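Printed here is final_29.pdb (PDB, C-alpha atoms):
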ATOM      1  CA  MET R   1      93.112 135.716  92.370
ATOM      2  CA  MET R   2      91.147 132.505  92.083
ATOM      3  CA  GLN R   3      93.327 131.381  89.179
ATOM      4  CA  VAL R   4      96.531 131.929  91.174
ATOM      5  CA  MET R   5      95.157 130.061  94.198
ATOM      6  CA  SER R   6      94.050 127.196  91.964
ATOM      7  CA  PHE R   7      97.491 126.899  90.374
ATOM      8  CA  LEU R   8      99.059 126.868  93.847
ATOM      9  CA  THR R   9      96.679 124.076  94.870
ATOM     10  CA  ALA R  10      97.712 122.053  91.832
ATOM     11  CA  ALA R  11     101.393 122.610  92.652
ATOM     12  CA  ALA R  12     100.901 121.468  96.250
ATOM     13  CA  LEU R  13      99.039 118.344  95.122
ATOM     14  CA  LEU R  14     101.847 117.553  92.655
ATOM     15  CA  ILE R  15     104.475 117.891  95.384
ATOM     16  CA  ILE R  16     102.514 115.690  97.811
ATOM     17  CA  GLY R  17     101.968 113.070  95.093
ATOM     18  CA  LEU R  18     105.641 112.964  94.096
ATOM     19  CA  TRP R  19     106.662 112.727  97.764
ATOM     20  CA  ALA R  20     104.295 109.804  98.279
ATOM     21  CA  VAL R  21     105.495 107.983  95.166
ATOM     22  CA  VAL R  22     109.163 108.341  96.054
ATOM     23  CA  TYR R  23     109.311 108.104  99.855
ATOM     24  CA  LYS R  24     106.324 106.047 101.021
ATOM     25  CA  ASP R  25     106.999 102.367 101.575
ATOM     26  CA  ASN R  26     103.595 100.773 101.022
ATOM     27  CA  LEU R  27     102.546 100.086  97.423
ATOM     28  CA  ILE R  28      98.938 101.234  97.924
ATOM     29  CA  LYS R  29     100.148 104.591  99.228
ATOM     30  CA  LYS R  30     102.348 104.920  96.168
ATOM     31  CA  VAL R  31      99.261 104.378  93.987
ATOM     32  CA  MET R  32      97.403 107.045  96.005
ATOM     33  CA  GLY R  33     100.269 109.416  95.182
ATOM     34  CA  LEU R  34      99.703 108.672  91.501
ATOM     35  CA  THR R  35      96.025 109.660  91.848
ATOM     36  CA  PHE R  36      97.095 112.952  93.466
ATOM     37  CA  ILE R  37      99.390 113.676  90.486
ATOM     38  CA  THR R  38      96.479 112.952  88.119
ATOM     39  CA  ASP R  39      94.279 115.390  90.066
ATOM     40  CA  ALA R  40      96.993 118.065  89.863
ATOM     41  CA  VAL R  41      97.220 117.781  86.073
ATOM     42  CA  ASN R  42      93.429 117.922  85.708
ATOM     43  CA  LEU R  43      93.180 120.982  87.947
ATOM     44  CA  THR R  44      95.905 122.778  85.965
ATOM     45  CA  LEU R  45      94.128 122.184  82.646
ATOM     46  CA  ILE R  46      90.745 123.304  83.991
ATOM     47  CA  THR R  47      92.278 126.454  85.488
ATOM     48  CA  MET R  48      93.846 127.406  82.137
ATOM     49  CA  GLY R  49      90.364 127.607  80.603
ATOM     50  CA  TYR R  50      88.901 129.657  83.453
ATOM     51  CA  ASN R  51      87.489 133.107  82.670
ATOM     52  CA  GLU R  52      87.354 135.593  85.550
ATOM     53  CA  GLY R  53      83.752 136.715  86.045
ATOM     54  CA  GLY R  54      82.568 134.525  83.196
ATOM     55  CA  ILE R  55      79.738 132.030  82.730
ATOM     56  CA  VAL R  56      79.633 128.279  82.181
ATOM     57  CA  PRO R  57      80.094 127.229  78.520
ATOM     58  CA  ILE R  58      76.449 126.227  78.035
ATOM     59  CA  ARG R  59      74.407 128.575  75.854
ATOM     60  CA  LEU R  60      71.008 128.991  77.461
ATOM     61  CA  PRO R  61      68.103 130.372  75.407
ATOM     62  CA  GLY R  62      67.964 134.151  75.659
ATOM     63  CA  THR R  63      71.729 134.652  75.750
ATOM     64  CA  GLU R  64      73.159 136.793  72.972
ATOM     65  CA  LEU R  65      75.835 135.032  70.921
ATOM     66  CA  VAL R  66      78.289 137.949  71.239
ATOM     67  CA  VAL R  67      77.911 138.093  75.022
ATOM     68  CA  PHE R  68      78.230 134.314  75.275
ATOM     69  CA  SER R  69      81.368 134.128  73.160
ATOM     70  CA  GLU R  70      83.210 136.752  75.178
ATOM     71  CA  LYS R  71      82.167 135.622  78.664
ATOM     72  CA  ALA R  72      82.074 131.830  78.488
ATOM     73  CA  ALA R  73      84.918 129.690  79.813
ATOM     74  CA  PHE R  74      87.057 127.830  77.286
ATOM     75  CA  ALA R  75      85.415 124.468  76.652
ATOM     76  CA  LEU R  76      88.247 122.465  75.029
ATOM     77  CA  PRO R  77      90.257 121.696  78.235
ATOM     78  CA  GLN R  78      87.053 120.625  79.943
ATOM     79  CA  ALA R  79      86.408 117.990  77.260
ATOM     80  CA  LEU R  80      90.022 116.785  77.511
ATOM     81  CA  VAL R  81      89.857 116.549  81.310
ATOM     82  CA  LEU R  82      86.560 114.657  81.143
ATOM     83  CA  THR R  83      88.346 112.009  79.059
ATOM     84  CA  ASN R  84      91.410 112.078  81.308
ATOM     85  CA  ILE R  85      89.415 111.304  84.483
ATOM     86  CA  VAL R  86      87.926 108.154  82.958
ATOM     87  CA  ILE R  87      91.269 106.987  81.513
ATOM     88  CA  GLY R  88      92.826 107.623  84.925
ATOM     89  CA  VAL R  89      90.391 105.226  86.594
ATOM     90  CA  ALA R  90      91.237 102.515  84.031
ATOM     91  CA  THR R  91      94.980 102.991  84.550
ATOM     92  CA  ILE R  92      94.703 102.951  88.345
ATOM     93  CA  SER R  93      92.651  99.745  88.247
ATOM     94  CA  LEU R  94      95.355  98.073  86.121
ATOM     95  CA  ILE R  95      98.051  99.128  88.601
ATOM     96  CA  LEU R  96      95.960  97.832  91.531
ATOM     97  CA  GLY R  97      95.574  94.473  89.770
ATOM     98  CA  LEU R  98      99.343  94.261  89.489
ATOM     99  CA  CYS R  99      99.564  95.039  93.238
ATOM    100  CA  ILE R 100      97.310  92.031  93.954
ATOM    101  CA  LYS R 101      99.560  89.823  91.788
ATOM    102  CA  ILE R 102     102.644  91.032  93.678
ATOM    103  CA  HIS R 103     100.987  90.250  97.015
ATOM    104  CA  ASN R 104     100.013  86.765  95.854
ATOM    105  CA  GLU R 105     103.574  86.097  94.771
ATOM    106  CA  LYS R 106     105.598  87.726  97.557
ATOM    107  CA  LYS R 107     103.109  87.871 100.483
ATOM    108  CA  THR R 108     103.947  91.504 101.183
ATOM    109  CA  LEU R 109     103.054  95.001  99.977
ATOM    110  CA  SER R 110     106.150  96.723 101.310
ATOM    111  CA  SER R 111     108.425  97.852  98.494
ATOM    112  CA  ARG R 112     111.554  97.278 100.604
ATOM    113  CA  ARG R 113     110.769  93.600 101.165
ATOM    114  CA  ILE R 114     109.775  92.558  97.669
ATOM    115  CA  TRP R 115     113.267  91.552  96.528
ATOM    116  CA  THR R 116     114.542  90.334  99.888
ATOM    117  CA  ASP R 117     113.375  87.468 102.081
ATOM    118  CA  GLU R 118     113.169  89.373 105.359
ATOM    119  CA  ARG R 119     109.729  89.568 106.952
TER     120      ARG R 119
ATOM    121  CA  MET N   1      84.366 131.680  99.398
ATOM    122  CA  ILE N   2      83.692 127.941  99.446
ATOM    123  CA  GLU N   3      86.264 127.341  96.713
ATOM    124  CA  TYR N   4      89.178 128.555  98.851
ATOM    125  CA  VAL N   5      88.017 126.390 101.756
ATOM    126  CA  MET N   6      87.823 123.383  99.455
ATOM    127  CA  MET N   7      91.268 124.050  97.940
ATOM    128  CA  VAL N   8      92.865 124.109 101.394
ATOM    129  CA  ALA N   9      90.829 121.036 102.383
ATOM    130  CA  ALA N  10      92.038 119.126  99.301
ATOM    131  CA  ILE N  11      95.694 119.792 100.141
ATOM    132  CA  VAL N  12      95.371 119.039 103.870
ATOM    133  CA  ILE N  13      93.350 115.855 103.345
ATOM    134  CA  ALA N  14      95.764 114.637 100.663
ATOM    135  CA  PHE N  15      98.611 114.994 103.147
ATOM    136  CA  LEU N  16      96.743 113.524 106.124
ATOM    137  CA  SER N  17      95.605 110.465 104.169
ATOM    138  CA  LEU N  18      99.212 109.253 103.844
ATOM    139  CA  VAL N  19      99.774 109.165 107.614
ATOM    140  CA  PRO N  20      97.644 106.347 109.162
ATOM    141  CA  LYS N  21      98.827 102.731 109.305
ATOM    142  CA  ASP N  22      95.286 101.445 108.725
ATOM    143  CA  LEU N  23      95.147 101.234 104.931
ATOM    144  CA  LEU N  24      91.329 101.157 104.731
ATOM    145  CA  LYS N  25      91.095 104.470 106.586
ATOM    146  CA  ALA N  26      93.818 106.001 104.423
ATOM    147  CA  VAL N  27      92.146 104.881 101.207
ATOM    148  CA  ILE N  28      88.674 106.207 102.059
ATOM    149  CA  ILE N  29      90.014 109.558 103.264
ATOM    150  CA  GLY N  30      92.534 110.008 100.469
ATOM    151  CA  THR N  31      90.491 109.106  97.399
ATOM    152  CA  GLY N  32      86.912 109.714  98.564
ATOM    153  CA  ILE N  33      86.884 112.935 100.546
ATOM    154  CA  GLN N  34      89.753 114.553  98.635
ATOM    155  CA  GLY N  35      87.996 113.941  95.307
ATOM    156  CA  ILE N  36      84.743 115.417  96.595
ATOM    157  CA  ALA N  37      86.598 118.585  97.664
ATOM    158  CA  LEU N  38      88.100 118.851  94.178
ATOM    159  CA  ALA N  39      84.618 118.451  92.659
ATOM    160  CA  PHE N  40      83.536 121.611  94.522
ATOM    161  CA  VAL N  41      86.562 123.451  93.093
ATOM    162  CA  TYR N  42      85.728 122.315  89.546
ATOM    163  CA  GLN N  43      82.163 123.575  89.963
ATOM    164  CA  ARG N  44      83.420 127.051  90.912
ATOM    165  CA  LEU N  45      85.931 127.012  88.026
ATOM    166  CA  LEU N  46      83.001 127.037  85.527
ATOM    167  CA  ALA N  47      83.245 123.344  84.615
ATOM    168  CA  PRO N  48      80.019 121.669  85.837
ATOM    169  CA  ASP N  49      80.343 118.591  83.616
ATOM    170  CA  VAL N  50      83.801 117.807  84.960
ATOM    171  CA  ALA N  51      82.504 118.388  88.496
ATOM    172  CA  LEU N  52      79.692 115.846  88.000
ATOM    173  CA  THR N  53      82.062 113.207  86.608
ATOM    174  CA  GLN N  54      84.627 113.816  89.341
ATOM    175  CA  ALA N  55      81.985 113.572  92.068
ATOM    176  CA  ILE N  56      80.694 110.220  90.780
ATOM    177  CA  ILE N  57      84.143 108.718  90.136
ATOM    178  CA  ALA N  58      85.708 109.942  93.366
ATOM    179  CA  SER N  59      82.834 109.077  95.661
ATOM    180  CA  THR N  60      82.021 105.558  94.438
ATOM    181  CA  VAL N  61      84.379 103.973  91.937
ATOM    182  CA  MET N  62      87.821 104.794  93.359
ATOM    183  CA  PRO N  63      87.157 103.951  97.071
ATOM    184  CA  VAL N  64      85.498 100.676  96.072
ATOM    185  CA  LEU N  65      88.459  99.702  93.869
ATOM    186  CA  PHE N  66      91.018 100.550  96.558
ATOM    187  CA  ALA N  67      88.986  98.888  99.338
ATOM    188  CA  LEU N  68      88.721  95.744  97.218
ATOM    189  CA  VAL N  69      92.504  95.635  96.909
ATOM    190  CA  VAL N  70      92.897  96.164 100.674
ATOM    191  CA  TYR N  71      90.432  93.314 101.258
ATOM    192  CA  LYS N  72      92.326  91.034  98.878
ATOM    193  CA  THR N  73      95.768  91.760 100.303
ATOM    194  CA  GLU N  74      96.367  93.061 103.844
ATOM    195  CA  ARG N  75      94.788  95.758 105.948
ATOM    196  CA  TYR N  76      97.537  97.021 108.260
ATOM    197  CA  GLU N  77     100.804  98.440 107.038
ATOM    198  CA  LYS N  78     103.735  96.738 108.732
TER     199      LYS N  78
END
Just dump the structure as C-alpha coordinates.
Amino acid sequence: MMQVMSFLTAAALLIIGLWAVVYKDNLIKKVMGLTFITDAVNLTLITMGYNEGGIVPIRLPGTELVVFSEKAAFALPQALVLTNIVIGVATISLILGLCIKIHNEKKTLSSRRIWTDER
Amino acid sequence: MIEYVMMVAAIVIAFLSLVPKDLLKAVIIGTGIQGIALAFVYQRLLAPDVALTQAIIASTVMPVLFALVVYKTERYEK
(Lines of atoms letter the chains of each structure in order from A and count residues from 1; the text may use other names and numbers.)
(Lines give C-alpha, C1' and ligand atoms only; values in the text may rest on other atoms or scores of the structure.)
Protein backbone atom coordinates (compact mmCIF):
# COMPACT_ATOMS: atom_id res chain seq x y z
CA MET A 1 0.00 0.00 0.00
CA MET A 2 2.67 2.46 1.04
CA GLN A 3 4.87 1.36 -1.86
CA VAL A 4 2.09 1.95 -4.40
CA MET A 5 1.29 5.39 -2.96
CA SER A 6 4.98 6.30 -3.03
CA PHE A 7 5.33 5.29 -6.68
CA LEU A 8 2.25 7.37 -7.51
CA THR A 9 3.81 10.35 -5.73
CA ALA A 10 6.98 9.95 -7.78
CA ALA A 11 4.93 9.76 -10.99
CA ALA A 12 3.02 12.94 -10.11
CA LEU A 13 6.25 14.79 -9.31
CA LEU A 14 7.74 13.66 -12.64
CA ILE A 15 4.69 14.92 -14.54
CA ILE A 16 4.72 18.28 -12.75
CA GLY A 17 8.46 18.66 -13.38
CA LEU A 18 8.18 17.85 -17.09
CA TRP A 19 5.24 20.26 -17.42
CA ALA A 20 7.25 23.02 -15.77
CA VAL A 21 10.31 22.40 -17.95
CA VAL A 22 8.33 22.42 -21.18
CA TYR A 23 5.55 24.97 -20.66
CA LYS A 24 6.76 27.51 -18.09
CA ASP A 25 8.28 30.67 -19.51
CA ASN A 26 10.64 31.80 -16.77
CA LEU A 27 14.08 30.16 -16.62
CA ILE A 28 14.11 29.84 -12.81
CA LYS A 29 10.81 27.96 -12.91
CA LYS A 30 12.27 25.63 -15.50
CA VAL A 31 15.16 24.91 -13.11
CA MET A 32 12.64 24.24 -10.32
CA GLY A 33 11.03 21.68 -12.63
CA LEU A 34 14.41 19.99 -12.97
CA THR A 35 14.68 19.70 -9.16
CA PHE A 36 11.22 18.08 -9.08
CA ILE A 37 12.37 15.49 -11.66
CA THR A 38 15.45 14.78 -9.51
CA ASP A 39 13.22 14.26 -6.46
CA ALA A 40 11.00 11.86 -8.43
CA VAL A 41 13.97 9.70 -9.44
CA ASN A 42 15.29 9.63 -5.87
CA LEU A 43 11.89 8.67 -4.47
CA THR A 44 11.53 5.84 -7.00
CA LEU A 45 14.92 4.36 -6.09
CA ILE A 46 14.27 4.57 -2.34
CA THR A 47 10.84 2.95 -2.75
CA MET A 48 12.36 0.00 -4.65
CA GLY A 49 14.44 -0.86 -1.59
CA TYR A 50 11.53 -0.57 0.84
CA ASN A 51 10.54 -3.64 2.87
CA GLU A 52 6.95 -3.76 4.15
CA GLY A 53 7.00 -4.06 7.94
CA GLY A 54 10.79 -4.05 8.00
CA ILE A 55 13.44 -2.20 10.00
CA VAL A 56 16.06 0.37 9.09
CA PRO A 57 19.31 -1.13 7.70
CA ILE A 58 21.35 -0.40 10.83
CA ARG A 59 22.24 -3.44 12.93
CA LEU A 60 21.80 -2.51 16.57
CA PRO A 61 23.42 -4.66 19.27
CA GLY A 62 21.07 -7.43 20.37
CA THR A 63 19.59 -8.03 16.92
CA GLU A 64 20.02 -11.54 15.55
CA LEU A 65 21.79 -11.64 12.19
CA VAL A 66 19.12 -13.89 10.62
CA VAL A 67 16.29 -11.61 11.73
CA PHE A 68 18.20 -8.54 10.57
CA SER A 69 18.97 -9.94 7.13
CA GLU A 70 15.37 -10.85 6.40
CA LYS A 71 13.70 -7.71 7.78
CA ALA A 72 16.06 -4.87 6.92
CA ALA A 73 15.45 -2.58 3.95
CA PHE A 74 17.81 -2.87 0.98
CA ALA A 75 20.73 -0.54 1.61
CA LEU A 76 22.28 -0.20 -1.87
CA PRO A 77 19.70 2.25 -3.36
CA GLN A 78 19.99 4.39 -0.25
CA ALA A 79 23.75 4.80 -0.78
CA LEU A 80 23.18 5.63 -4.46
CA VAL A 81 20.49 8.21 -3.64
CA LEU A 82 22.70 9.81 -0.99
CA THR A 83 25.28 10.43 -3.73
CA ASN A 84 22.63 11.56 -6.20
CA ILE A 85 21.27 14.30 -3.88
CA VAL A 86 24.70 15.90 -3.52
CA ILE A 87 25.47 15.66 -7.25
CA GLY A 88 22.06 17.19 -7.93
CA VAL A 89 22.92 20.27 -5.88
CA ALA A 90 26.18 20.71 -7.82
CA THR A 91 24.39 20.40 -11.17
CA ILE A 92 21.62 22.82 -10.19
CA SER A 93 24.18 25.40 -9.03
CA LEU A 94 25.95 25.17 -12.42
CA ILE A 95 22.65 25.71 -14.25
CA LEU A 96 21.81 28.70 -12.02
CA GLY A 97 25.22 30.24 -12.80
CA LEU A 98 24.42 29.95 -16.49
CA CYS A 99 21.07 31.68 -15.80
CA ILE A 100 22.95 34.63 -14.24
CA LYS A 101 25.20 34.82 -17.33
CA ILE A 102 22.15 34.84 -19.61
CA HIS A 103 20.57 37.66 -17.59
CA ASN A 104 23.77 39.71 -17.72
CA GLU A 105 23.91 39.29 -21.48
CA LYS A 106 20.25 39.63 -22.48
CA LYS A 107 18.70 41.52 -19.52
CA THR A 108 15.80 39.08 -19.31
CA LEU A 109 14.95 35.67 -17.84
CA SER A 110 12.01 34.95 -20.12
CA SER A 111 12.81 32.14 -22.55
CA ARG A 112 10.61 33.68 -25.26
CA ARG A 113 12.56 36.95 -25.30
CA ILE A 114 16.11 35.64 -25.27
CA TRP A 115 16.51 35.46 -29.05
CA THR A 116 14.30 38.42 -29.92
CA ASP A 117 14.65 42.10 -29.08
CA GLU A 118 11.13 42.68 -27.80
CA ARG A 119 10.84 43.78 -24.18
CA MET B 1 -0.35 8.16 8.69
CA ILE B 2 1.99 11.14 8.43
CA GLU B 3 3.63 9.72 5.32
CA TYR B 4 0.44 9.90 3.25
CA VAL B 5 -0.15 13.48 4.38
CA MET B 6 3.39 14.39 3.40
CA MET B 7 3.12 12.68 0.00
CA VAL B 8 0.00 14.68 -0.85
CA ALA B 9 1.65 17.83 0.53
CA ALA B 10 4.73 17.30 -1.66
CA ILE B 11 2.61 17.05 -4.82
CA VAL B 12 0.32 19.99 -3.99
CA ILE B 13 3.18 22.28 -2.93
CA ALA B 14 5.19 21.37 -6.03
CA PHE B 15 2.25 22.44 -8.18
CA LEU B 16 1.42 25.58 -6.19
CA SER B 17 5.01 26.82 -6.22
CA LEU B 18 4.89 27.30 -10.01
CA VAL B 19 1.92 29.68 -9.85
CA PRO B 20 3.02 32.99 -8.21
CA LYS B 21 4.66 35.81 -10.18
CA ASP B 22 6.91 36.70 -7.23
CA LEU B 23 9.94 34.50 -7.87
CA LEU B 24 11.28 34.71 -4.30
CA LYS B 25 8.02 33.31 -2.92
CA ALA B 26 7.95 30.57 -5.55
CA VAL B 27 11.54 29.55 -4.84
CA ILE B 28 11.16 29.30 -1.06
CA ILE B 29 7.90 27.36 -1.29
CA GLY B 30 9.00 25.08 -4.12
CA THR B 31 12.45 24.01 -2.97
CA GLY B 32 12.29 24.52 0.80
CA ILE B 33 8.93 23.26 1.98
CA GLN B 34 8.57 20.60 -0.72
CA GLY B 35 11.97 19.12 0.17
CA ILE B 36 11.11 19.01 3.87
CA ALA B 37 7.91 17.09 3.07
CA LEU B 38 9.94 14.59 1.04
CA ALA B 39 12.36 14.20 3.97
CA PHE B 40 9.44 12.99 6.11
CA VAL B 41 8.54 10.45 3.41
CA TYR B 42 12.14 9.17 3.25
CA GLN B 43 12.16 8.71 7.03
CA ARG B 44 9.04 6.52 6.85
CA LEU B 45 10.50 4.56 3.90
CA LEU B 46 13.25 3.19 6.22
CA ALA B 47 16.01 5.47 4.92
CA PRO B 48 17.03 7.77 7.82
CA ASP B 49 20.40 8.75 6.35
CA VAL B 50 18.81 9.95 3.12
CA ALA B 51 16.18 11.80 5.17
CA LEU B 52 18.88 13.67 7.14
CA THR B 53 20.75 14.68 3.98
CA GLN B 54 17.57 15.73 2.21
CA ALA B 55 16.43 17.81 5.18
CA ILE B 56 19.74 19.71 5.36
CA ILE B 57 20.07 20.22 1.59
CA ALA B 58 16.45 21.18 1.01
CA SER B 59 16.08 23.49 3.97
CA THR B 60 19.29 25.52 3.66
CA VAL B 61 21.40 25.02 0.56
CA MET B 62 18.82 25.02 -2.25
CA PRO B 63 16.70 28.05 -1.11
CA VAL B 64 19.85 30.08 -0.51
CA LEU B 65 21.20 29.25 -3.99
CA PHE B 66 17.91 30.09 -5.70
CA ALA B 67 17.38 33.27 -3.64
CA LEU B 68 20.89 34.40 -4.55
CA VAL B 69 20.06 34.02 -8.24
CA VAL B 70 16.78 35.94 -7.77
CA TYR B 71 18.74 38.69 -6.00
CA LYS B 72 21.30 38.84 -8.80
CA THR B 73 18.77 38.92 -11.63
CA GLU B 74 15.15 40.08 -11.21
CA ARG B 75 12.46 39.41 -8.66
CA TYR B 76 9.16 39.68 -10.53
CA GLU B 77 8.28 37.58 -13.53
CA LYS B 78 7.11 39.75 -16.40
- Message: Which residues would end up in the selection if the PyMOL selection byres ((chain R) within 8 of (chain N)) were applied here, given that I need the answer as an MDAnalysis selection string?
- Response: chainID R and resid 5:6 9 12:13 16 20 26 28:29 32 35:36 43 46:47 50 54:57 73 78 81:82 85 89 93 96:97 99:100 103:104 109:110
- Task: Between atom CA of N:Thr60 and atom CA of R:Leu8, measure the distance and give it in Å to one decimal.
- Result: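 Taking atom CA of N:Thr60 and atom CA of R:Leu8, their separation equals 27.3 Å.
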- Message: Show me, as an MDAnalysis selection string, the residues that have an atom within 8 Å of R:Leu34 when counting all atoms listed in the file, minus same-chain residues fewer than 2 positions from it.
- Response: chainID R and resid 17:18 21 30:32 36:38
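Picture a line from atom CA of N:Leu16 to atom CA of N:Gly32; it runs 13.0 Å.
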- Item | Exercise: residues within 7 Å of coordinate (94.2, 119.7, 80.8), counting only C-alpha atoms, as a VMD selection string | chain R and resid 41 to 42 44 to 46 77 80 to 81
With C-alpha atoms retained, could you export that selection as a PDB file, keeping the file's coordinate frame?
ATOM      1  CA  VAL R  41      97.220 117.781  86.073  1.00  0.00           C
ATOM      2  CA  ASN R  42      93.429 117.922  85.708  1.00  0.00           C
ATOM      3  CA  THR R  44      95.905 122.778  85.965  1.00  0.00           C
ATOM      4  CA  LEU R  45      94.128 122.184  82.646  1.00  0.00           C
ATOM      5  CA  ILE R  46      90.745 123.304  83.991  1.00  0.00           C
ATOM      6  CA  PRO R  77      90.257 121.696  78.235  1.00  0.00           C
ATOM      7  CA  LEU R  80      90.022 116.785  77.511  1.00  0.00           C
ATOM      8  CA  VAL R  81      89.857 116.549  81.310  1.00  0.00           C
TER       9      VAL R  81
END
- Task: Measuring atom to atom with only C-alpha atoms, identify which of R:Ala10, R:Ile114, R:Ser69, R:Thr83 is nearest to R:Ile102.
- Result: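 Under the stated criterion, the closest residue is R:Ile114.
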- Separation of atom CA of N:Arg75 from atom CA of N:Leu24, in Å and rounded to one decimal: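 Atom-to-atom, atom CA of N:Arg75 to atom CA of N:Leu24, that is 6.5 Å.
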- Minimum-distance residue to R:Phe7, chosen among R:Ala40, R:Ala75, R:Ala90, R:Lys107 (using only C-alpha atoms): R:Ala40
